[in-house]
Amino acid sequence: MKTKKIKSAIPIYLACSVWIIAGLTCRIYMGRNILIALAISAGVYFVAEKLFPGRTVQVRERANSGNRDIDQQIEDGRRLLDSLRASNEAIPDAEISANLDRMVQAGEAIFAALEKDVRRADQVRRFMNYYLPTADKLLRHYRELDATGSRGENIRTALESVERSLGMIAAAFEKQLDCLYRDESLDIQTDIDALETILATEGLGETKRTMTTH
């Protein structure tokens, strides 16, 4: 994600309105009047730009893993995450929102890891082809049923089933993310074990423990 500033169009509209008003109220074609209108419109634009600074939005850069097929899969997956975000905004339930936040956060991290190393594609295949699309499908069904306003037995049972499943799905997303870093975790532990062995061999590890006791 990168930050992008979108300027407001209001300052331009207000500055243009100065010229419209000037054209209706005075002989704008005269040199002196043109300069006055120019100065006023510039002042209006400057003030309006301060009052209406625009907005800052987060813009997602396209995936760039070096593999076109993987990039397309990532883009498709991120669109599903956007759909989960939309469901999050549409459903006013704190517990559901918390679980959707977990899913989106884990999903973004999974795609970032895949973009960084396309060799992880096999590890996330089930997540991309089943877990994520199924989660989005369930949430879309939930929103459709909830929008009916009915709480008949069938609708209520379906809604409650989805609600109960969301915690499990969020945990599955997080477990998938954790699995991607299993090798890195093993490498780190191997490095630490090797370092401790060397320190102990040279007597440095023992010295460190002795110093911390004082």
# chains A, B, ... in the order shown; residues from 1 in each chain; ligands from 1
>>> select_by_dssp(residues="range 29-196 of chain A", states="helix (DSSP H, G or I)", output="PyMOL selection string")
chain A and resi 31-51+68-90+94-116+118-120+125-147+153-180+182-196
>>> residues_around(residues="Ala98 in chain A", least_positions_apart="6", cutoff="12 Å", atoms="only C-alpha atoms", output="VMD selection string")
chain A and resid 84 to 85 88 to 89 91 to 92 104 to 105 163 166 to 167 170 to 171
>>> atom_distance(atom1="CA of Ala109 in chain A", atom2="CA of Ser165 in chain A")
21.5 Å
>>> closest_residue(among="A:Phe46, A:Pro133, A:Arg120, A:Ala112", to="Arg62 in chain A", atoms="only C-alpha atoms")
A:Ala112
>>> atom_distance(atom1="CA of Leu139 in chain A", atom2="CA of Ser87 in chain A")
6.5 Å
>>> residues_around(residues="His141 in chain A", least_positions_apart="6", cutoff="10 Å", atoms="only C-alpha atoms", output="MDAnalysis selection string")
chainID A and resid 147 158:159 162
>>> write_last_selection(atoms="N, CA and C atoms", output="PDB file, in the first residue's frame")
ATOM      1  N   ALA A 147     -30.135  -8.827   5.157  1.00  0.00           N
ATOM      2  CA  ALA A 147     -30.837  -7.706   4.536  1.00  0.00           C
ATOM      3  C   ALA A 147     -32.331  -7.956   4.392  1.00  0.00           C
ATOM      4  N   ALA A 158     -29.250 -20.084   9.640  1.00  0.00           N
ATOM      5  CA  ALA A 158     -28.166 -19.861   8.674  1.00  0.00           C
ATOM      6  C   ALA A 158     -27.234 -18.757   9.158  1.00  0.00           C
ATOM      7  N   LEU A 159     -27.789 -17.666   9.660  1.00  0.00           N
ATOM      8  CA  LEU A 159     -26.975 -16.557  10.153  1.00  0.00           C
ATOM      9  C   LEU A 159     -26.108 -16.993  11.322  1.00  0.00           C
ATOM     10  N   VAL A 162     -23.126 -19.133  10.198  1.00  0.00           N
ATOM     11  CA  VAL A 162     -22.025 -18.333   9.651  1.00  0.00           C
ATOM     12  C   VAL A 162     -21.267 -17.657  10.777  1.00  0.00           C
TER      13      VAL A 162
END
>>> residues_around(residues="Met128 in chain A", least_positions_apart="4", cutoff="9 Å", atoms="only C-alpha atoms", output="count of residues only")
7
